[in-house]
$ cat start-v1.cif   # mmCIF, C-alpha atoms
data_start
loop_
_atom_site.label_atom_id
_atom_site.label_comp_id
_atom_site.auth_asym_id
_atom_site.auth_seq_id
_atom_site.Cartn_x
_atom_site.Cartn_y
_atom_site.Cartn_z
CA MET A 1 -18.99 -11.50 4.35
CA LYS A 2 -17.94 -12.80 0.96
CA ILE A 3 -14.81 -11.14 -0.42
CA ALA A 4 -13.00 -11.65 -3.73
CA VAL A 5 -9.22 -11.22 -3.90
CA LEU A 6 -7.76 -10.48 -7.33
CA GLY A 7 -4.21 -11.59 -8.04
CA GLY A 8 -5.21 -14.04 -5.37
CA PHE A 9 -2.02 -16.09 -5.22
CA GLY A 10 0.58 -13.35 -5.38
CA LEU A 11 2.81 -12.44 -2.44
CA MET A 12 0.65 -9.57 -1.15
CA ALA A 13 -2.59 -11.47 -1.72
CA GLU A 14 -1.27 -14.42 0.27
CA ALA A 15 -1.08 -12.22 3.36
CA ALA A 16 -4.59 -10.94 2.68
CA LEU A 17 -5.88 -14.52 2.49
CA HIS A 18 -4.38 -15.25 5.91
CA ASP A 19 -6.12 -12.26 7.46
CA LEU A 20 -9.47 -12.75 5.76
CA ALA A 21 -9.56 -16.47 6.58
CA ALA A 22 -8.87 -15.64 10.24
CA ASN A 23 -11.70 -13.08 10.38
CA PRO A 24 -14.80 -14.76 11.89
CA LYS A 25 -17.07 -12.32 10.04
CA VAL A 26 -15.73 -13.48 6.67
CA THR A 27 -17.62 -16.56 5.49
CA GLN A 28 -15.97 -17.08 2.08
CA VAL A 29 -12.96 -15.80 0.17
CA LEU A 30 -12.77 -16.13 -3.61
CA ALA A 31 -9.07 -16.18 -4.46
CA ALA A 32 -9.14 -15.16 -8.12
CA ASP A 33 -6.11 -15.28 -10.40
CA LEU A 34 -5.28 -15.62 -14.07
CA SER A 35 -3.13 -18.62 -13.18
CA LEU A 36 -3.73 -21.13 -10.38
CA ALA A 37 -0.19 -22.52 -10.53
CA ARG A 38 0.63 -21.24 -7.03
CA ALA A 39 -2.77 -22.03 -5.52
CA LYS A 40 -1.91 -25.36 -3.91
CA GLY A 41 1.32 -24.12 -2.34
CA VAL A 42 -0.21 -20.89 -1.03
CA LEU A 43 -3.32 -22.53 0.40
CA SER A 44 -1.24 -25.19 2.15
CA ARG A 45 0.14 -22.40 4.36
CA VAL A 46 -3.18 -20.69 5.18
CA PRO A 47 -5.06 -21.69 8.34
CA ASN A 48 -8.85 -21.85 7.84
CA ARG A 49 -8.24 -22.45 4.13
CA ARG A 50 -11.61 -24.20 3.87
CA LYS A 51 -13.07 -20.70 3.62
CA ILE A 52 -11.05 -20.04 0.46
CA LYS A 53 -12.10 -21.04 -3.04
CA ALA A 54 -9.59 -20.79 -5.91
CA VAL A 55 -11.16 -19.25 -9.02
CA GLN A 56 -9.49 -18.72 -12.39
CA VAL A 57 -10.39 -15.24 -13.65
CA ASP A 58 -9.31 -13.15 -16.62
CA LEU A 59 -9.98 -9.44 -16.03
CA THR A 60 -10.14 -8.81 -19.77
CA ASP A 61 -13.41 -10.81 -19.88
CA LEU A 62 -15.60 -8.74 -17.56
CA ASN A 63 -18.80 -10.75 -17.97
CA ALA A 64 -17.14 -14.11 -17.32
CA ALA A 65 -15.24 -12.68 -14.33
CA ALA A 66 -18.46 -11.29 -12.85
CA ARG A 67 -20.17 -14.67 -13.21
CA ARG A 68 -17.32 -16.47 -11.46
CA LEU A 69 -17.22 -14.01 -8.58
CA LYS A 70 -20.98 -13.64 -8.18
CA GLY A 71 -22.06 -12.73 -4.67
CA ALA A 72 -18.80 -11.03 -3.67
CA GLN A 73 -19.51 -8.01 -1.47
CA CYS A 74 -16.07 -6.49 -1.93
CA VAL A 75 -13.27 -6.86 -4.48
CA LEU A 76 -9.79 -6.60 -2.96
CA ASN A 77 -7.48 -5.96 -5.89
CA CYS A 78 -3.97 -7.32 -5.26
CA ALA A 79 -3.13 -7.51 -8.97
CA TRP A 80 -0.78 -5.10 -10.76
CA TYR A 81 -1.86 -1.48 -10.54
CA GLU A 82 -2.20 -1.21 -14.33
CA HIS A 83 -5.35 -3.36 -13.95
CA ASN A 84 -7.00 -1.06 -11.39
CA LEU A 85 -9.59 0.44 -13.74
CA LYS A 86 -10.67 -2.98 -15.01
CA ALA A 87 -10.86 -4.22 -11.44
CA MET A 88 -13.09 -1.26 -10.55
CA ASP A 89 -15.32 -2.16 -13.51
CA LEU A 90 -15.58 -5.69 -12.14
CA ALA A 91 -16.49 -4.49 -8.64
CA PHE A 92 -19.14 -2.17 -10.07
CA ALA A 93 -20.60 -4.98 -12.19
CA LEU A 94 -20.82 -7.11 -9.03
CA LYS A 95 -22.40 -4.21 -7.08
CA ALA A 96 -19.51 -4.68 -4.66
CA HIS A 97 -17.17 -2.36 -2.83
CA TYR A 98 -13.59 -2.04 -4.07
CA VAL A 99 -10.14 -1.87 -2.44
CA ASP A 100 -6.70 -1.74 -4.02
CA LEU A 101 -3.09 -1.40 -2.92
CA GLY A 102 -2.18 1.76 -4.85
CA GLY A 103 -2.09 3.31 -8.30
CA LEU A 104 1.40 4.84 -8.40
CA TYR A 105 0.00 8.39 -8.61
CA HIS A 106 -1.18 8.62 -12.24
CA MET A 107 -3.53 5.63 -12.08
CA THR A 108 -4.89 6.93 -8.78
CA LEU A 109 -5.87 10.22 -10.44
CA LYS A 110 -7.75 8.31 -13.17
CA GLN A 111 -9.57 6.26 -10.54
CA LEU A 112 -10.60 9.30 -8.51
CA ALA A 113 -12.53 10.52 -11.56
CA ARG A 114 -15.05 7.70 -10.95
CA ARG A 115 -16.22 9.16 -7.64
CA ARG A 116 -19.73 10.07 -8.82
CA GLN A 117 -20.31 6.66 -10.41
CA PHE A 118 -19.65 4.82 -7.14
CA GLU A 119 -21.32 7.50 -5.03
CA ARG A 120 -24.60 7.24 -6.94
CA ALA A 121 -24.55 3.45 -6.55
CA GLY A 122 -23.89 3.63 -2.80
CA LEU A 123 -20.59 1.79 -3.27
CA LEU A 124 -17.17 2.59 -1.88
CA ALA A 125 -13.83 2.36 -3.66
CA ALA A 126 -10.86 2.72 -1.30
CA LEU A 127 -7.64 3.44 -3.22
CA GLY A 128 -4.15 2.73 -1.94
CA CYS A 129 -4.85 0.56 1.11
CA GLY A 130 -1.61 -1.31 1.61
CA SER A 131 1.25 -0.36 3.91
CA THR A 132 2.34 2.70 1.95
CA PRO A 133 0.11 4.02 0.56
CA GLY A 134 -2.37 2.93 3.18
CA ILE A 135 -1.07 2.81 6.74
CA THR A 136 0.97 5.95 6.07
CA ASN A 137 -2.12 7.84 4.86
CA MET A 138 -3.95 6.87 8.03
CA MET A 139 -0.97 7.93 10.15
CA VAL A 140 -1.23 11.38 8.56
CA ALA A 141 -5.00 11.44 9.20
CA ARG A 142 -4.46 10.60 12.85
CA MET A 143 -1.63 13.12 13.31
CA ALA A 144 -3.23 16.04 11.46
CA PRO A 145 -5.71 17.14 14.20
CA SER A 146 -2.74 17.89 16.49
CA PHE A 147 -1.74 20.77 14.21
CA GLU A 148 -3.30 24.16 13.54
CA THR A 149 -1.19 24.50 10.41
CA ILE A 150 0.94 21.99 8.53
CA ASP A 151 3.94 23.03 6.46
CA THR A 152 5.64 19.76 5.47
CA VAL A 153 4.77 16.07 5.46
CA GLY A 154 7.54 13.56 4.78
CA ILE A 155 6.64 9.89 4.28
CA TYR A 156 9.43 7.29 4.38
CA ASP A 157 9.78 3.55 3.91
CA ALA A 158 12.87 1.67 5.09
CA SER A 159 13.49 -2.05 5.48
CA HIS A 160 16.13 -4.68 6.05
CA ASP A 161 16.02 -8.16 4.55
CA PRO A 162 19.03 -10.45 5.00
CA SER A 163 17.94 -12.50 1.97
CA LEU A 164 18.72 -9.57 -0.36
CA THR A 165 22.37 -9.90 -1.41
CA ASP A 166 24.52 -9.12 -4.43
CA GLU A 167 24.09 -12.73 -5.58
CA THR A 168 20.31 -12.99 -5.22
CA PHE A 169 17.44 -10.76 -6.27
CA LEU A 170 14.19 -11.33 -4.42
CA PRO A 171 11.95 -8.28 -5.03
CA PRO A 172 10.16 -7.29 -1.80
CA PHE A 173 7.19 -6.20 -3.93
CA SER A 174 6.11 -6.04 -7.57
CA ILE A 175 9.09 -5.81 -9.92
CA ARG A 176 6.94 -3.66 -12.21
CA THR A 177 6.35 -1.14 -9.44
CA MET A 178 10.01 -1.16 -8.44
CA LEU A 179 11.15 -0.45 -12.00
CA ALA A 180 8.58 2.34 -12.30
CA GLU A 181 9.79 3.90 -9.06
CA TYR A 182 13.37 3.58 -10.23
CA VAL A 183 12.96 5.44 -13.53
CA GLN A 184 9.81 7.61 -13.48
CA PRO A 185 9.83 11.26 -12.31
CA ALA A 186 8.31 11.67 -8.84
CA PRO A 187 5.36 14.09 -8.44
CA ILE A 188 5.63 15.92 -5.10
CA LEU A 189 4.05 18.95 -3.49
CA LEU A 190 6.76 21.62 -3.41
CA LYS A 191 6.13 25.13 -2.10
CA GLY A 192 2.40 24.67 -2.60
CA LYS A 193 2.53 23.37 -6.18
CA MET A 194 2.79 19.90 -7.67
CA SER A 195 6.19 19.40 -9.31
CA ASP A 196 8.07 16.51 -10.87
CA VAL A 197 11.53 15.69 -9.53
CA ALA A 198 14.00 13.04 -10.64
CA ALA A 199 13.60 9.53 -9.26
CA HIS A 200 15.71 8.90 -6.14
CA SER A 201 16.68 12.57 -5.88
CA GLY A 202 16.61 14.62 -2.68
CA LEU A 203 18.62 12.03 -0.75
CA GLU A 204 18.07 12.31 3.00
CA GLU A 205 20.04 10.54 5.74
CA LEU A 206 17.83 8.99 8.38
CA ASP A 207 18.29 6.82 11.45
CA PHE A 208 16.09 3.78 12.05
CA LYS A 209 16.05 1.01 14.60
CA ALA A 210 18.58 -1.78 14.02
CA PRO A 211 19.08 -3.71 11.85
CA ILE A 212 18.16 -0.91 9.41
CA GLY A 213 20.42 1.69 11.01
CA ARG A 214 21.54 4.86 9.23
CA VAL A 215 20.39 4.94 5.61
CA LYS A 216 19.70 7.29 2.71
CA ALA A 217 16.17 7.71 1.36
CA GLY A 218 15.36 9.11 -2.08
CA THR A 219 12.17 10.55 -3.57
CA VAL A 220 10.10 8.25 -5.82
CA ILE A 221 6.69 8.34 -7.47
CA HIS A 222 3.92 7.24 -5.08
CA SER A 223 0.16 7.49 -4.56
CA GLU A 224 0.19 9.49 -1.32
CA THR A 225 1.07 12.68 -3.19
CA ALA A 226 -2.06 12.27 -5.35
CA THR A 227 -4.48 12.49 -2.41
CA LEU A 228 -2.93 13.87 0.78
CA PRO A 229 -2.28 17.45 -0.49
CA GLY A 230 -6.02 17.89 -1.06
CA TYR A 231 -6.87 16.26 2.26
CA LEU A 232 -4.52 18.67 4.10
CA LYS A 233 -5.36 21.78 2.07
CA GLU A 234 -7.18 23.52 4.93
CA LYS A 235 -4.07 23.07 7.08
CA GLY A 236 -2.07 25.04 4.50
CA VAL A 237 0.31 22.22 3.60
CA LYS A 238 3.11 23.38 1.29
CA ASN A 239 5.40 20.36 0.93
CA LEU A 240 4.61 16.66 0.76
CA PHE A 241 6.76 13.82 -0.57
CA PHE A 242 7.48 10.10 -0.35
CA LYS A 243 10.99 8.69 -0.01
CA ILE A 244 12.17 5.09 0.04
CA VAL A 245 15.33 3.28 1.05
CA TYR A 246 16.50 0.76 -1.54
CA PRO A 247 19.32 -1.61 -0.50
CA GLU A 248 22.40 -1.20 -2.72
CA SER A 249 22.02 -4.78 -3.99
CA VAL A 250 18.50 -3.99 -5.22
CA LYS A 251 19.63 -0.74 -6.84
CA ALA A 252 22.39 -2.61 -8.66
CA GLN A 253 19.93 -5.17 -10.01
CA LEU A 254 17.51 -2.46 -11.11
CA ARG A 255 20.32 -0.58 -12.89
CA LEU A 256 21.17 -3.79 -14.72
CA LEU A 257 17.56 -4.41 -15.76
CA VAL A 258 17.11 -0.82 -16.96
CA GLY A 259 20.39 -1.04 -18.85
CA MET A 260 19.11 -4.18 -20.58
CA GLY A 261 15.95 -2.37 -21.66
CA PHE A 262 13.53 -3.81 -19.11
CA ASN A 263 11.94 -0.45 -18.39
CA ASN A 264 9.05 -0.46 -20.87
CA PRO A 265 5.69 -2.22 -20.41
CA GLU A 266 6.26 -5.01 -22.96
CA ALA A 267 9.73 -5.86 -21.65
CA ILE A 268 8.46 -5.91 -18.07
CA ARG A 269 5.61 -8.25 -19.04
CA PHE A 270 8.16 -10.59 -20.61
CA LEU A 271 10.35 -10.42 -17.51
CA THR A 272 7.50 -11.23 -15.13
CA ARG A 273 6.28 -14.11 -17.32
CA MET A 274 9.75 -15.64 -17.39
CA ALA A 275 10.50 -15.21 -13.69
CA PRO A 276 9.80 -18.43 -11.75
CA PRO A 277 7.48 -18.27 -8.73
CA PRO A 278 9.56 -17.57 -5.61
CA ALA A 279 10.17 -20.59 -3.41
CA PHE A 280 8.90 -20.28 0.14
CA SER A 281 11.47 -19.57 2.83
CA ALA A 282 11.08 -18.42 6.42
CA PRO A 283 10.94 -14.59 6.34
CA ALA A 284 13.36 -12.50 8.40
CA ASP A 285 12.79 -8.95 7.17
CA PHE A 286 12.01 -5.82 9.19
CA GLU A 287 10.26 -2.74 7.84
CA VAL A 288 9.54 0.72 9.22
CA LEU A 289 7.04 3.22 7.83
CA ARG A 290 7.78 6.76 9.02
CA VAL A 291 5.68 9.91 8.80
CA ARG A 292 7.10 13.28 9.85
CA VAL A 293 4.80 16.29 10.09
CA ASP A 294 6.12 19.83 10.64
CA GLY A 295 3.69 22.60 11.49
CA THR A 296 2.35 24.73 14.32
CA ARG A 297 0.06 24.47 17.32
CA ASN A 298 -0.91 27.32 19.63
CA GLY A 299 1.28 29.55 17.46
CA ARG A 300 4.39 27.50 18.18
CA PRO A 301 6.42 25.14 15.99
CA LEU A 302 5.52 21.50 16.40
CA THR A 303 7.04 18.40 14.85
CA LYS A 304 5.65 14.89 15.19
CA ILE A 305 7.28 11.72 13.95
CA TRP A 306 5.48 8.39 13.89
CA ASP A 307 7.11 5.08 13.10
CA CYS A 308 5.09 1.97 12.31
CA GLU A 309 7.32 -1.07 12.79
CA MET A 310 6.42 -4.33 11.08
CA ARG A 311 7.99 -7.70 11.83
CA PRO A 312 7.41 -11.00 10.03
CA THR A 313 5.51 -14.03 11.20
CA LYS A 314 6.70 -17.59 10.57
CA LEU A 315 4.81 -17.65 7.29
CA LEU A 316 4.60 -14.03 6.11
CA SER A 317 7.23 -11.37 5.50
CA ALA A 318 6.88 -7.97 7.14
CA GLY A 319 6.53 -6.39 3.71
CA ALA A 320 3.74 -8.72 2.64
CA LEU A 321 1.71 -8.59 5.84
CA GLY A 322 1.91 -4.80 5.95
CA VAL A 323 0.27 -4.65 2.55
CA GLY A 324 -2.00 -7.70 2.63
CA PHE A 325 -3.31 -7.36 6.18
CA THR A 326 -4.16 -3.70 5.58
CA GLY A 327 -6.04 -4.45 2.38
CA ALA A 328 -8.00 -7.18 4.16
CA ILE A 329 -8.81 -4.88 7.10
CA VAL A 330 -10.15 -2.17 4.79
CA ALA A 331 -12.19 -4.66 2.73
CA ALA A 332 -13.91 -5.90 5.90
CA MET A 333 -14.48 -2.32 7.11
CA LEU A 334 -16.18 -1.40 3.83
CA VAL A 335 -18.50 -4.42 3.86
CA GLY A 336 -19.26 -3.77 7.54
CA ARG A 337 -19.97 -0.10 6.71
CA LYS A 338 -17.40 1.11 9.22
CA THR A 339 -16.72 4.16 7.06
CA LEU A 340 -17.04 7.94 7.21
CA VAL A 341 -19.12 8.21 4.02
CA PRO A 342 -21.75 5.91 2.41
CA GLY A 343 -20.31 5.90 -1.10
CA GLY A 344 -17.69 7.29 -3.46
CA VAL A 345 -14.05 6.88 -4.43
CA GLY A 346 -11.15 8.06 -2.32
CA ALA A 347 -7.99 7.27 -0.42
CA PRO A 348 -8.31 5.79 3.08
CA GLU A 349 -7.73 9.11 4.87
CA SER A 350 -11.00 10.42 3.37
CA LEU A 351 -13.08 7.27 3.87
CA LEU A 352 -12.04 5.69 7.17
CA ASP A 353 -12.07 6.64 10.86
CA PRO A 354 -8.43 6.49 12.08
CA ALA A 355 -9.50 5.25 15.53
CA VAL A 356 -11.33 2.25 14.08
CA PHE A 357 -8.55 1.52 11.59
CA PHE A 358 -5.74 1.57 14.13
CA LYS A 359 -7.74 -0.56 16.56
CA GLU A 360 -7.96 -3.20 13.83
CA LEU A 361 -4.27 -2.82 13.07
CA LYS A 362 -3.35 -3.23 16.74
CA ASN A 363 -5.42 -6.42 16.96
CA ARG A 364 -3.09 -8.09 14.42
CA LYS A 365 -0.20 -7.87 16.93
CA VAL A 366 2.46 -7.48 14.21
CA PHE A 367 2.41 -3.68 14.02
CA LYS A 368 3.97 -1.31 16.55
CA LEU A 369 3.42 2.46 16.50
CA ILE A 370 6.01 4.74 18.08
CA GLU A 371 5.57 8.51 18.41
CA THR A 372 8.22 11.19 18.85
CA ILE A 373 7.20 14.80 19.58
CA ALA A 374 9.42 17.85 19.31
CA HIS A 375 8.23 21.24 20.63
CA PRO A 376 9.90 24.18 22.36
CA LEU A 377 7.81 24.59 25.52
CA GLY A 378 4.86 22.99 27.25
CA ASP A 379 2.93 19.82 26.61
CA LEU A 380 1.48 20.03 23.11
CA SER A 381 0.77 16.34 22.57
#

$ encode --input "start-v1.cif" --output "C-alpha cells"
Amino acid sequence: MKIAVLGGFGLMAEAALHDLAANPKVTQVLAADLSLARAKGVLSRVPNRRKIKAVQVDLTDLNAAARRLKGAQCVLNCAWYEHNLKAMDLAFALKAHYVDLGGLYHMTLKQLARRRQFERAGLLAALGCGSTPGITNMMVARMAPSFETIDTVGIYDASHDPSLTDETFLPPFSIRTMLAEYVQPAPILLKGKMSDVAAHSGLEELDFKAPIGRVKAGTVIHSETATLPGYLKEKGVKNLFFKIVYPESVKAQLRLLVGMGFNNPEAIRFLTRMAPPPAFSAPADFEVLRVRVDGTRNGRPLTKIWDCEMRPTKLLSAGALGVGFTGAIVAAMLVGRKTLVPGGVGAPESLLDPAVFFKELKNRKVFKLIETIAHPLGDLS
C-alpha cells in the first residue's frame, strides 16, 4: 500500500504517520505538507520512518500535487477541513481513495454531493474518520442493531489535560475548528427536524472516570449530525446531537480571541500563521468519547451507553492518536477493500463493517470500550 497524508506534519497527521509506518501492509507513506518546517522533528519520533517520504505540496496547484503524489492509492487528508473539496479533487485525479477527519457539518454536506462521481469511478471517499466524528459514528453503527426503535442519540467528548492552564494555551486540536465550534450555531436533529441551536447551549452535567470527573457538556456544530440522522432513519430517530466539554481555561482563551476579532477566516489564517509550532512534551491527557442511545427493544425501553477511553503513549497524546490512528485504519481498510460498498462517498457508518473496524481499533491497545446497559426487566443485551 502507498498512502499519501495531507497536512502531513500536523499534530493529527503525526499520529497517522506512526500507525501507517507500523502497518506491515503499508510500503510507503508520502507525508505531504505546504511547509516542511516540522518534518525533521516529527520524523525523528516515528519508528519505521524509512517508509515515509516528505513531500512539499500546495493543494491550490492540483496538477503539480498529483505529480508529486503519483502512485498513492489513498489520500488521508489531515489538513484543515476548509480544504476538503480540493483534497477530494486531488484523490480523484490520482484515482485514489479518500479519507478525511471531518467537515464540521456544512462541508460534509457539500462533499456528500460527490457520491456519484466517486461511485462511477469505483473509488471510496470516507468522510469524518477521526475520533469524533469517526469512532463515535462506528459506535452508533455497532449499537443500533440492539434497538427496534431509536428515539435519541447523544454523542459526547470529554477530556482532561494537565498542560491546559490559565497561563498556557495549547489547543488539543485545530484552533480554526475550536473557534468555529465556539461561535457557530449547532445543527442538531430535534423532534425529527434539523434545527440550529446556539453554540454551547443545552448544558448537561455528566460523570466521567477520573481525572475528568463531573463536568458540563454543551452542544456544538459537528459532522455526526450531517450523516447519522439519515443512517438511523428507519429506526425512527427523533433527536441527535453532539456535545463537548471545554476546560474553563480553554473557554477563557477562546472568549479572548473572539473578543479580539479572531473569529473570521482571514483573522484565523493570520493567527495560525503567527503561532509557533508547538514544542514536543510528553503527553499526559485522557479523553473519553461517549455515545448514549435511548430507544426500545421487544417493546420495552432500552438505554445503552458506550464509552471509548483513550490514553496517551510516550510520544502521542490521547487526542492525537484517537484522530490519527483512526484515519490511518480507515485508509488501510479502503485500500484493502475491507468495505461494505465498492464505491461512493459517505461517513464511516455507511461504508465500514463495525466488527472489522473495532477489531483494528482493539489491536492498537490504546482504546478501551466500556458498555453500560439500562433496561427494566430481562437480559436485552

$ closest_residue --input "start-v1.cif" --among "A:Pro47, A:Gly327, A:Gly319, A:Gly102" --to "Glu224 of chain A" --atoms "all atoms listed in the file"
A:Gly102

$ atom_distance --input "start-v1.cif" --atom1 "atom CA of Phe241 of chain A" --atom2 "atom CA of Thr132 of chain A"
12.2 Å

$ closest_residue --input "start-v1.cif" --among "A:Leu302, A:Val75, A:Val26, A:Ala331" --to "Lys51 of chain A" --atoms "only C-alpha atoms"
A:Val26

$ atom_distance --input "start-v1.cif" --atom1 "atom CA of Tyr105 of chain A" --atom2 "atom CA of Asp157 of chain A"
16.6 Å

$ residues_around --input "start-v1.cif" --residues "Gln111 of chain A" --least-positions-apart "3" --cutoff "12 Å" --atoms "all atoms listed in the file" --output "ChimeraX atom specification"
/A:81-89,98-100,102-108,114-118,125-128,223,226-227,344-347

$ closest_residue --input "start-v1.cif" --among "A:Leu34, A:Thr225, A:Lys368, A:Ala328" --to "Pro133 of chain A" --atoms "only C-alpha atoms"
A:Thr225

$ closest_residue --input "start-v1.cif" --among "A:Arg337, A:Gly202, A:Glu234, A:Met178" --to "Met1 of chain A" --atoms "all atoms listed in the file"
A:Arg337

$ atom_distance --input "start-v1.cif" --atom1 "atom CA of Ala158 of chain A" --atom2 "atom CA of Val288 of chain A"
5.4 Å

$ residues_around --input "start-v1.cif" --residues "Glu287 of chain A" --least-positions-apart "6" --cutoff "7 Å" --atoms "all atoms listed in the file" --output "PDB file with C-alpha atoms, keeping the file's coordinate frame"
ATOM      1  CA  ALA A 158      12.870   1.670   5.090  1.00  0.00           C
ATOM      2  CA  SER A 159      13.490  -2.050   5.480  1.00  0.00           C
ATOM      3  CA  HIS A 160      16.130  -4.680   6.050  1.00  0.00           C
ATOM      4  CA  GLU A 309       7.320  -1.070  12.790  1.00  0.00           C
ATOM      5  CA  MET A 310       6.420  -4.330  11.080  1.00  0.00           C
ATOM      6  CA  ARG A 311       7.990  -7.700  11.830  1.00  0.00           C
ATOM      7  CA  ALA A 318       6.880  -7.970   7.140  1.00  0.00           C
ATOM      8  CA  GLY A 319       6.530  -6.390   3.710  1.00  0.00           C
TER       9      GLY A 319
END

$ build_atoms --input "start-v1.cif" --residues "segment 244-251 of chain A" --atoms "all heavy atoms" --output "CSV table (one decimal), in the coordinates of the input"
chain,number,residue,atom,x,y,z
A,244,ILE,N,12.0,6.5,-0.3
A,244,ILE,CA,12.2,5.1,0.0
A,244,ILE,C,13.7,4.8,0.1
A,244,ILE,O,14.5,5.4,-0.5
A,244,ILE,CB,11.5,4.2,-1.0
A,244,ILE,CG1,11.4,2.8,-0.5
A,244,ILE,CG2,12.2,4.3,-2.4
A,244,ILE,CD1,10.4,1.9,-1.4
A,245,VAL,N,14.0,3.8,0.9
A,245,VAL,CA,15.3,3.3,1.0
A,245,VAL,C,15.4,2.0,0.3
A,245,VAL,O,14.8,1.0,0.6
A,245,VAL,CB,15.7,3.0,2.5
A,245,VAL,CG1,17.1,2.5,2.6
A,245,VAL,CG2,15.6,4.3,3.3
A,246,TYR,N,16.2,2.0,-0.8
A,246,TYR,CA,16.5,0.8,-1.5
A,246,TYR,C,17.9,0.2,-1.2
A,246,TYR,O,18.9,1.0,-1.2
A,246,TYR,CB,16.5,1.0,-3.0
A,246,TYR,CG,15.1,0.9,-3.7
A,246,TYR,CD1,15.0,1.3,-5.0
A,246,TYR,CD2,14.0,0.6,-3.0
A,246,TYR,CE1,13.7,1.2,-5.7
A,246,TYR,CE2,12.8,0.5,-3.6
A,246,TYR,CZ,12.6,0.8,-5.0
A,246,TYR,OH,11.4,0.7,-5.6
A,247,PRO,N,18.0,-1.0,-0.8
A,247,PRO,CA,19.3,-1.6,-0.5
A,247,PRO,C,20.2,-1.5,-1.8
A,247,PRO,O,19.7,-1.5,-2.9
A,247,PRO,CB,19.0,-3.1,-0.2
A,247,PRO,CG,17.6,-3.1,0.3
A,247,PRO,CD,16.9,-2.0,-0.5
A,248,GLU,N,21.5,-1.4,-1.6
A,248,GLU,CA,22.4,-1.2,-2.7
A,248,GLU,C,22.3,-2.4,-3.7
A,248,GLU,O,22.4,-2.2,-4.9
A,248,GLU,CB,23.8,-1.0,-2.2
A,248,GLU,CG,24.1,0.4,-1.6
A,248,GLU,CD,23.7,1.5,-2.5
A,248,GLU,OE1,24.1,1.4,-3.7
A,248,GLU,OE2,23.1,2.5,-2.1
A,249,SER,N,22.1,-3.6,-3.1
A,249,SER,CA,22.0,-4.8,-4.0
A,249,SER,C,20.8,-4.7,-4.9
A,249,SER,O,20.9,-5.1,-6.1
A,249,SER,CB,21.9,-6.1,-3.1
A,249,SER,OG,20.8,-6.0,-2.3
A,250,VAL,N,19.7,-4.2,-4.4
A,250,VAL,CA,18.5,-4.0,-5.2
A,250,VAL,C,18.7,-2.9,-6.3
A,250,VAL,O,18.3,-3.1,-7.4
A,250,VAL,CB,17.3,-3.6,-4.3
A,250,VAL,CG1,16.1,-3.3,-5.2
A,250,VAL,CG2,17.0,-4.8,-3.4
A,251,LYS,N,19.3,-1.8,-5.9
A,251,LYS,CA,19.6,-0.7,-6.8
A,251,LYS,C,20.5,-1.3,-8.0
A,251,LYS,O,20.3,-0.9,-9.2
A,251,LYS,CB,20.3,0.4,-6.2
A,251,LYS,CG,19.4,1.3,-5.3
A,251,LYS,CD,20.2,2.5,-4.8
A,251,LYS,CE,19.3,3.5,-4.0
A,251,LYS,NZ,20.0,4.7,-3.6
